[in-house]
>>> print(open('work-v8.pdb').read())   # PDB, C-alpha atoms, pLDDT in the B column
ATOM      1  CA  MET A   1      -3.129  19.357 -10.043  1.00 37.00           C
ATOM      2  CA  MET A   2      -1.355  20.922 -13.005  1.00 47.00           C
ATOM      3  CA  GLY A   3      -2.464  19.637 -16.395  1.00 53.00           C
ATOM      4  CA  ILE A   4       0.010  18.568 -19.030  1.00 56.00           C
ATOM      5  CA  TYR A   5      -1.327  21.436 -21.206  1.00 52.00           C
ATOM      6  CA  ASP A   6      -0.189  23.991 -18.618  1.00 70.00           C
ATOM      7  CA  LEU A   7       3.475  23.039 -19.026  1.00 81.00           C
ATOM      8  CA  ASP A   8       4.015  24.429 -22.557  1.00 89.00           C
ATOM      9  CA  LEU A   9       5.869  21.247 -23.525  1.00 92.00           C
ATOM     10  CA  GLN A  10       5.714  22.186 -27.220  1.00 91.00           C
ATOM     11  CA  GLU A  11       8.294  24.890 -26.385  1.00 91.00           C
ATOM     12  CA  LEU A  12      10.911  22.304 -25.352  1.00 93.00           C
ATOM     13  CA  PRO A  13      13.667  21.522 -27.895  1.00 92.00           C
ATOM     14  CA  LEU A  14      12.597  17.843 -27.982  1.00 92.00           C
ATOM     15  CA  PHE A  15       9.181  18.882 -29.302  1.00 93.00           C
ATOM     16  CA  GLU A  16      10.336  21.662 -31.657  1.00 92.00           C
ATOM     17  CA  GLY A  17       8.085  21.703 -34.716  1.00 92.00           C
ATOM     18  CA  LEU A  18       5.089  20.128 -32.958  1.00 93.00           C
ATOM     19  CA  LYS A  19       1.793  21.687 -31.869  1.00 92.00           C
ATOM     20  CA  ALA A  20       0.428  21.271 -28.330  1.00 90.00           C
ATOM     21  CA  ASP A  21      -2.079  18.599 -29.430  1.00 91.00           C
ATOM     22  CA  GLU A  22       0.708  16.615 -31.128  1.00 93.00           C
ATOM     23  CA  VAL A  23       2.779  16.746 -27.949  1.00 93.00           C
ATOM     24  CA  GLU A  24      -0.256  15.473 -26.026  1.00 91.00           C
ATOM     25  CA  GLN A  25      -0.617  12.652 -28.570  1.00 93.00           C
ATOM     26  CA  PHE A  26       3.067  11.795 -28.010  1.00 94.00           C
ATOM     27  CA  ILE A  27       2.652  11.800 -24.200  1.00 93.00           C
ATOM     28  CA  GLN A  28      -0.330   9.450 -24.431  1.00 93.00           C
ATOM     29  CA  ALA A  29       1.255   7.095 -26.985  1.00 94.00           C
ATOM     30  CA  THR A  30       4.519   6.733 -25.023  1.00 95.00           C
ATOM     31  CA  GLU A  31       2.918   6.814 -21.555  1.00 94.00           C
ATOM     32  CA  ALA A  32       5.386   9.530 -20.565  1.00 95.00           C
ATOM     33  CA  LYS A  33       4.954  10.812 -17.008  1.00 94.00           C
ATOM     34  CA  VAL A  34       5.750  14.076 -15.268  1.00 94.00           C
ATOM     35  CA  LYS A  35       7.318  13.843 -11.812  1.00 96.00           C
ATOM     36  CA  ARG A  36       8.330  16.562  -9.352  1.00 96.00           C
ATOM     37  CA  TYR A  37      11.563  16.400  -7.321  1.00 97.00           C
ATOM     38  CA  GLY A  38      12.512  18.620  -4.386  1.00 97.00           C
ATOM     39  CA  LYS A  39      15.727  20.595  -4.030  1.00 97.00           C
ATOM     40  CA  GLU A  40      18.861  18.445  -3.457  1.00 95.00           C
ATOM     41  CA  VAL A  41      17.066  15.213  -4.376  1.00 97.00           C
ATOM     42  CA  ARG A  42      18.916  12.781  -6.649  1.00 97.00           C
ATOM     43  CA  ILE A  43      16.741  12.485  -9.711  1.00 97.00           C
ATOM     44  CA  LEU A  44      18.990   9.801 -11.151  1.00 96.00           C
ATOM     45  CA  LYS A  45      21.746   8.064  -9.201  1.00 94.00           C
ATOM     46  CA  ALA A  46      25.162   7.173 -10.604  1.00 94.00           C
ATOM     47  CA  TYR A  47      25.391   3.577 -11.854  1.00 93.00           C
ATOM     48  CA  GLU A  48      21.604   3.190 -11.471  1.00 92.00           C
ATOM     49  CA  ALA A  49      19.726   1.105 -14.038  1.00 93.00           C
ATOM     50  CA  ASN A  50      17.513   3.407 -16.082  1.00 94.00           C
ATOM     51  CA  SER A  51      15.049   2.784 -18.911  1.00 95.00           C
ATOM     52  CA  ARG A  52      13.746   6.337 -19.395  1.00 95.00           C
ATOM     53  CA  ILE A  53      14.844   9.567 -21.014  1.00 95.00           C
ATOM     54  CA  GLY A  54      14.391  12.576 -18.727  1.00 96.00           C
ATOM     55  CA  ILE A  55      13.565  16.080 -19.923  1.00 96.00           C
ATOM     56  CA  ILE A  56      13.724  19.016 -17.509  1.00 97.00           C
ATOM     57  CA  VAL A  57      10.391  20.839 -17.733  1.00 96.00           C
ATOM     58  CA  GLU A  58      10.939  23.254 -14.829  1.00 96.00           C
ATOM     59  CA  GLY A  59      13.824  24.039 -12.501  1.00 97.00           C
ATOM     60  CA  GLU A  60      17.544  23.306 -12.602  1.00 97.00           C
ATOM     61  CA  ALA A  61      19.667  20.256 -11.883  1.00 98.00           C
ATOM     62  CA  LEU A  62      23.355  19.408 -11.757  1.00 97.00           C
ATOM     63  CA  VAL A  63      25.231  16.622 -13.467  1.00 96.00           C
ATOM     64  CA  ILE A  64      27.518  15.034 -10.878  1.00 96.00           C
ATOM     65  CA  ALA A  65      30.243  12.579 -11.890  1.00 95.00           C
ATOM     66  CA  GLU A  66      31.081   9.847  -9.393  1.00 92.00           C
ATOM     67  CA  ASP A  67      34.225   7.728  -9.486  1.00 89.00           C
ATOM     68  CA  ARG A  68      34.382   4.113  -8.332  1.00 84.00           C
ATOM     69  CA  PHE A  69      35.455   5.242  -4.856  1.00 88.00           C
ATOM     70  CA  GLY A  70      32.382   7.440  -4.417  1.00 85.00           C
ATOM     71  CA  ASN A  71      34.177  10.765  -4.941  1.00 92.00           C
ATOM     72  CA  GLU A  72      31.964  13.299  -6.687  1.00 93.00           C
ATOM     73  CA  THR A  73      32.778  16.074  -9.134  1.00 94.00           C
ATOM     74  CA  ILE A  74      30.130  18.638  -9.967  1.00 94.00           C
ATOM     75  CA  GLY A  75      29.653  19.071 -13.694  1.00 91.00           C
ATOM     76  CA  HIS A  76      27.356  21.320 -15.647  1.00 94.00           C
ATOM     77  CA  ARG A  77      23.844  22.609 -14.972  1.00 96.00           C
ATOM     78  CA  LEU A  78      20.759  21.336 -16.727  1.00 97.00           C
ATOM     79  CA  GLU A  79      17.888  23.763 -17.323  1.00 96.00           C
ATOM     80  CA  ARG A  80      14.461  23.660 -18.957  1.00 96.00           C
ATOM     81  CA  GLY A  81      14.576  21.517 -22.077  1.00 94.00           C
ATOM     82  CA  ALA A  82      17.761  19.624 -21.168  1.00 95.00           C
ATOM     83  CA  LEU A  83      17.773  15.868 -21.739  1.00 94.00           C
ATOM     84  CA  PHE A  84      19.426  13.304 -19.507  1.00 95.00           C
ATOM     85  CA  GLY A  85      19.517   9.553 -19.003  1.00 93.00           C
ATOM     86  CA  SER A  86      19.347   8.747 -22.695  1.00 90.00           C
ATOM     87  CA  THR A  87      22.594   6.744 -22.797  1.00 90.00           C
ATOM     88  CA  THR A  88      21.492   4.381 -20.030  1.00 91.00           C
ATOM     89  CA  ALA A  89      17.963   4.167 -21.459  1.00 92.00           C
ATOM     90  CA  ILE A  90      19.241   3.189 -24.906  1.00 90.00           C
ATOM     91  CA  LEU A  91      22.135   1.011 -23.643  1.00 91.00           C
ATOM     92  CA  PRO A  92      20.846  -0.715 -20.474  1.00 86.00           C
ATOM     93  CA  GLU A  93      24.150  -2.547 -19.946  1.00 88.00           C
ATOM     94  CA  TYR A  94      25.974   0.802 -19.594  1.00 90.00           C
ATOM     95  CA  ALA A  95      26.354   1.873 -15.960  1.00 89.00           C
ATOM     96  CA  SER A  96      26.668   5.649 -16.106  1.00 92.00           C
ATOM     97  CA  PRO A  97      29.010   7.231 -13.550  1.00 94.00           C
ATOM     98  CA  THR A  98      26.881  10.404 -13.529  1.00 94.00           C
ATOM     99  CA  ALA A  99      24.074  11.404 -11.219  1.00 96.00           C
ATOM    100  CA  ILE A 100      21.493  14.136 -11.701  1.00 97.00           C
ATOM    101  CA  GLU A 101      20.653  16.229  -8.622  1.00 97.00           C
ATOM    102  CA  ALA A 102      17.960  18.896  -8.298  1.00 98.00           C
ATOM    103  CA  VAL A 103      19.301  22.401  -7.564  1.00 97.00           C
ATOM    104  CA  SER A 104      15.754  23.731  -7.126  1.00 97.00           C
ATOM    105  CA  ASP A 105      12.361  22.087  -7.292  1.00 97.00           C
ATOM    106  CA  VAL A 106      12.462  20.250 -10.610  1.00 97.00           C
ATOM    107  CA  LEU A 107       9.745  18.894 -12.852  1.00 96.00           C
ATOM    108  CA  VAL A 108      10.894  16.058 -15.131  1.00 97.00           C
ATOM    109  CA  LEU A 109       9.084  14.491 -18.070  1.00 96.00           C
ATOM    110  CA  TRP A 110      10.114  10.816 -18.146  1.00 96.00           C
ATOM    111  CA  VAL A 111       9.753   9.089 -21.519  1.00 95.00           C
ATOM    112  CA  PRO A 112      10.151   5.296 -21.421  1.00 96.00           C
ATOM    113  CA  TYR A 113      12.655   4.490 -24.176  1.00 93.00           C
ATOM    114  CA  THR A 114      10.970   1.222 -25.198  1.00 93.00           C
ATOM    115  CA  SER A 115       7.598   2.991 -25.478  1.00 93.00           C
ATOM    116  CA  LEU A 116       9.240   5.707 -27.575  1.00 90.00           C
ATOM    117  CA  ILE A 117      10.407   3.090 -30.100  1.00 89.00           C
ATOM    118  CA  VAL A 118       7.187   1.039 -30.061  1.00 91.00           C
ATOM    119  CA  ALA A 119       5.001   4.145 -30.482  1.00 91.00           C
ATOM    120  CA  GLY A 120       6.634   5.016 -33.819  1.00 85.00           C
ATOM    121  CA  PRO A 121       3.995   3.477 -36.105  1.00 85.00           C
ATOM    122  CA  LYS A 122       1.146   5.038 -34.075  1.00 86.00           C
ATOM    123  CA  LEU A 123       2.712   8.487 -34.104  1.00 90.00           C
ATOM    124  CA  GLY A 124       4.020   8.704 -37.671  1.00 90.00           C
ATOM    125  CA  ARG A 125       5.255  12.241 -38.426  1.00 89.00           C
ATOM    126  CA  VAL A 126       5.254  13.226 -34.729  1.00 91.00           C
ATOM    127  CA  HIS A 127       7.620  10.338 -33.932  1.00 90.00           C
ATOM    128  CA  GLY A 128       9.956  11.322 -36.763  1.00 90.00           C
ATOM    129  CA  ILE A 129      10.204  14.907 -35.513  1.00 90.00           C
ATOM    130  CA  VAL A 130      10.856  13.848 -31.902  1.00 91.00           C
ATOM    131  CA  MET A 131      13.518  11.328 -32.962  1.00 89.00           C
ATOM    132  CA  ARG A 132      15.239  13.935 -35.164  1.00 89.00           C
ATOM    133  CA  ASN A 133      15.228  16.411 -32.258  1.00 89.00           C
ATOM    134  CA  LEU A 134      16.500  13.735 -29.875  1.00 86.00           C
ATOM    135  CA  LEU A 135      19.467  12.959 -32.122  1.00 81.00           C
ATOM    136  CA  ARG A 136      20.290  16.588 -32.962  1.00 78.00           C
ATOM    137  CA  PRO A 137      23.810  17.755 -31.991  1.00 65.00           C
ATOM    138  CA  SER A 138      22.280  20.521 -29.843  1.00 56.00           C
ATOM    139  CA  ALA A 139      20.959  17.729 -27.630  1.00 48.00           C
ATOM    140  CA  ALA A 140      24.583  17.199 -26.555  1.00 45.00           C
ATOM    141  CA  ARG A 141      23.570  18.603 -23.172  1.00 45.00           C
ATOM    142  CA  MET A 142      22.486  15.070 -22.365  1.00 45.00           C
ATOM    143  CA  SER A 143      24.339  12.910 -19.912  1.00 44.00           C
TER     144      SER A 143
END
>>> encode(input="work-v8.pdb", output="structure tokens")
Amino acid sequence: MMGIYDLDLQELPLFEGLKADEVEQFIQATEAKVKRYGKEVRILKAYEANSRIGIIVEGEALVIAEDRFGNETIGHRLERGALFGSTTAILPEYASPTAIEAVSDVLVLWVPYTSLIVAGPKLGRVHGIVMRNLLRPSAARMS
């Protein structure tokens, strides 16, 4: 099984400014998990309740908008480092009309939003850097 150290997570925009051991500290403090999805699998369904922020670690996915009649429109591609699911994680009452579908095999780092907030005091500087990166305008690739 691939170790978390083998994924070079410190290279992702969310972790910019952190060393590998600080990223590992973040993963442990937030209980973030890495999950693999096969090609054409829906990583996140439209209107699905979601409490986690997803970060693409490997592979590519598509953002697919769905209207209330079930019609789908393919949006943009998400690649390594792209964030998704943050709106529904932060605002659980918001039912997002977008789905995320794997274009290839995809590896996603899922960060539970509540754990991200609660871990702040334990993480100190590391938490501040991650939160700044999360809120950065370049993170507008999120859905």
>>> atom_distance(input="work-v8.pdb", atom1="CA of Leu91 (chain A)", atom2="CA of Ile74 (chain A)")
23.7 Å
>>> atom_distance(input="work-v8.pdb", atom1="CA of Arg42 (chain A)", atom2="CA of Gly81 (chain A)")
18.3 Å
>>> resolve_selection(input="work-v8.pdb", expression="the PyMOL selection byres ((chain A and resi 58) around 7)", output="PyMOL selection string")
chain A and resi 56-57+59-60+80+106-107
>>> residues_near_point(input="work-v8.pdb", point="(17.2, 4.6, -19.6)", cutoff="7 Å", atoms="all atoms listed in the file", output="mmCIF file with C-alpha atoms, in the coordinates of the input")
data_model
loop_
_atom_site.group_PDB
_atom_site.id
_atom_site.type_symbol
_atom_site.label_atom_id
_atom_site.label_comp_id
_atom_site.auth_asym_id
_atom_site.auth_seq_id
_atom_site.Cartn_x
_atom_site.Cartn_y
_atom_site.Cartn_z
ATOM 1 C CA ASN A 50 17.513 3.407 -16.082
ATOM 2 C CA SER A 51 15.049 2.784 -18.911
ATOM 3 C CA ARG A 52 13.746 6.337 -19.395
ATOM 4 C CA ILE A 53 14.844 9.567 -21.014
ATOM 5 C CA GLY A 85 19.517 9.553 -19.003
ATOM 6 C CA SER A 86 19.347 8.747 -22.695
ATOM 7 C CA THR A 87 22.594 6.744 -22.797
ATOM 8 C CA THR A 88 21.492 4.381 -20.030
ATOM 9 C CA ALA A 89 17.963 4.167 -21.459
ATOM 10 C CA ILE A 90 19.241 3.189 -24.906
ATOM 11 C CA PRO A 92 20.846 -0.715 -20.474
ATOM 12 C CA TYR A 113 12.655 4.490 -24.176
#
>>> atom_distance(input="work-v8.pdb", atom1="CA of Val126 (chain A)", atom2="CA of Phe26 (chain A)")
7.2 Å
>>> resolve_selection(input="work-v8.pdb", expression="the PyMOL selection byres ((chain A and resi 97) around 7)", output="mmCIF file with C-alpha atoms, keeping the file's coordinate frame")
data_model
loop_
_atom_site.group_PDB
_atom_site.id
_atom_site.type_symbol
_atom_site.label_atom_id
_atom_site.label_comp_id
_atom_site.auth_asym_id
_atom_site.auth_seq_id
_atom_site.Cartn_x
_atom_site.Cartn_y
_atom_site.Cartn_z
ATOM 1 C CA ALA A 46 25.162 7.173 -10.604
ATOM 2 C CA TYR A 47 25.391 3.577 -11.854
ATOM 3 C CA ALA A 65 30.243 12.579 -11.890
ATOM 4 C CA GLU A 66 31.081 9.847 -9.393
ATOM 5 C CA ASP A 67 34.225 7.728 -9.486
ATOM 6 C CA ALA A 95 26.354 1.873 -15.960
ATOM 7 C CA SER A 96 26.668 5.649 -16.106
ATOM 8 C CA THR A 98 26.881 10.404 -13.529
ATOM 9 C CA ALA A 99 24.074 11.404 -11.219
#
>>> closest_residue(input="work-v8.pdb", among="A:Arg68, A:Ala82, A:Leu134, A:Ala29", to="Pro121 (chain A)", atoms="only C-alpha atoms")
A:Ala29
>>> closest_residue(input="work-v8.pdb", among="A:His76, A:His127, A:Arg136, A:Lys122", to="Val23 (chain A)", atoms="all atoms listed in the file")
A:His127
>>> resolve_selection(input="work-v8.pdb", expression="the PyMOL selection byres ((chain A and resi 104) around 9)", output="CSV table (one decimal) with C-alpha atoms, keeping the file's coordinate frame")
chain,number,residue,atom,x,y,z
A,37,TYR,CA,11.6,16.4,-7.3
A,38,GLY,CA,12.5,18.6,-4.4
A,39,LYS,CA,15.7,20.6,-4.0
A,40,GLU,CA,18.9,18.4,-3.5
A,59,GLY,CA,13.8,24.0,-12.5
A,60,GLU,CA,17.5,23.3,-12.6
A,61,ALA,CA,19.7,20.3,-11.9
A,102,ALA,CA,18.0,18.9,-8.3
A,103,VAL,CA,19.3,22.4,-7.6
A,105,ASP,CA,12.4,22.1,-7.3
A,106,VAL,CA,12.5,20.2,-10.6
>>> residues_near_point(input="work-v8.pdb", point="(8.1, 5.7, -20.0)", cutoff="9 Å", atoms="all atoms listed in the file", output="VMD selection string")
chain A and resid 30 to 33 51 to 53 110 to 116
>>> write_last_selection(input="work-v8.pdb", atoms="C-alpha atoms", output="CSV table (one decimal), in the frame of the given file")
chain,number,residue,atom,x,y,z
A,30,THR,CA,4.5,6.7,-25.0
A,31,GLU,CA,2.9,6.8,-21.6
A,32,ALA,CA,5.4,9.5,-20.6
A,33,LYS,CA,5.0,10.8,-17.0
A,51,SER,CA,15.0,2.8,-18.9
A,52,ARG,CA,13.7,6.3,-19.4
A,53,ILE,CA,14.8,9.6,-21.0
A,110,TRP,CA,10.1,10.8,-18.1
A,111,VAL,CA,9.8,9.1,-21.5
A,112,PRO,CA,10.2,5.3,-21.4
A,113,TYR,CA,12.7,4.5,-24.2
A,114,THR,CA,11.0,1.2,-25.2
A,115,SER,CA,7.6,3.0,-25.5
A,116,LEU,CA,9.2,5.7,-27.6
>>> closest_residue(input="work-v8.pdb", among="A:Leu62, A:Leu9, A:Ala20, A:Ile100", to="Lys45 (chain A)", atoms="all atoms listed in the file")
A:Ile100
>>> closest_residue(input="work-v8.pdb", among="A:Val41, A:Gln28, A:Pro13, A:Asp8", to="Glu79 (chain A)", atoms="only C-alpha atoms")
A:Pro13
>>> closest_residue(input="work-v8.pdb", among="A:Asn133, A:Glu24, A:Gly75, A:Arg125", to="Asp6 (chain A)", atoms="all atoms listed in the file")
A:Glu24
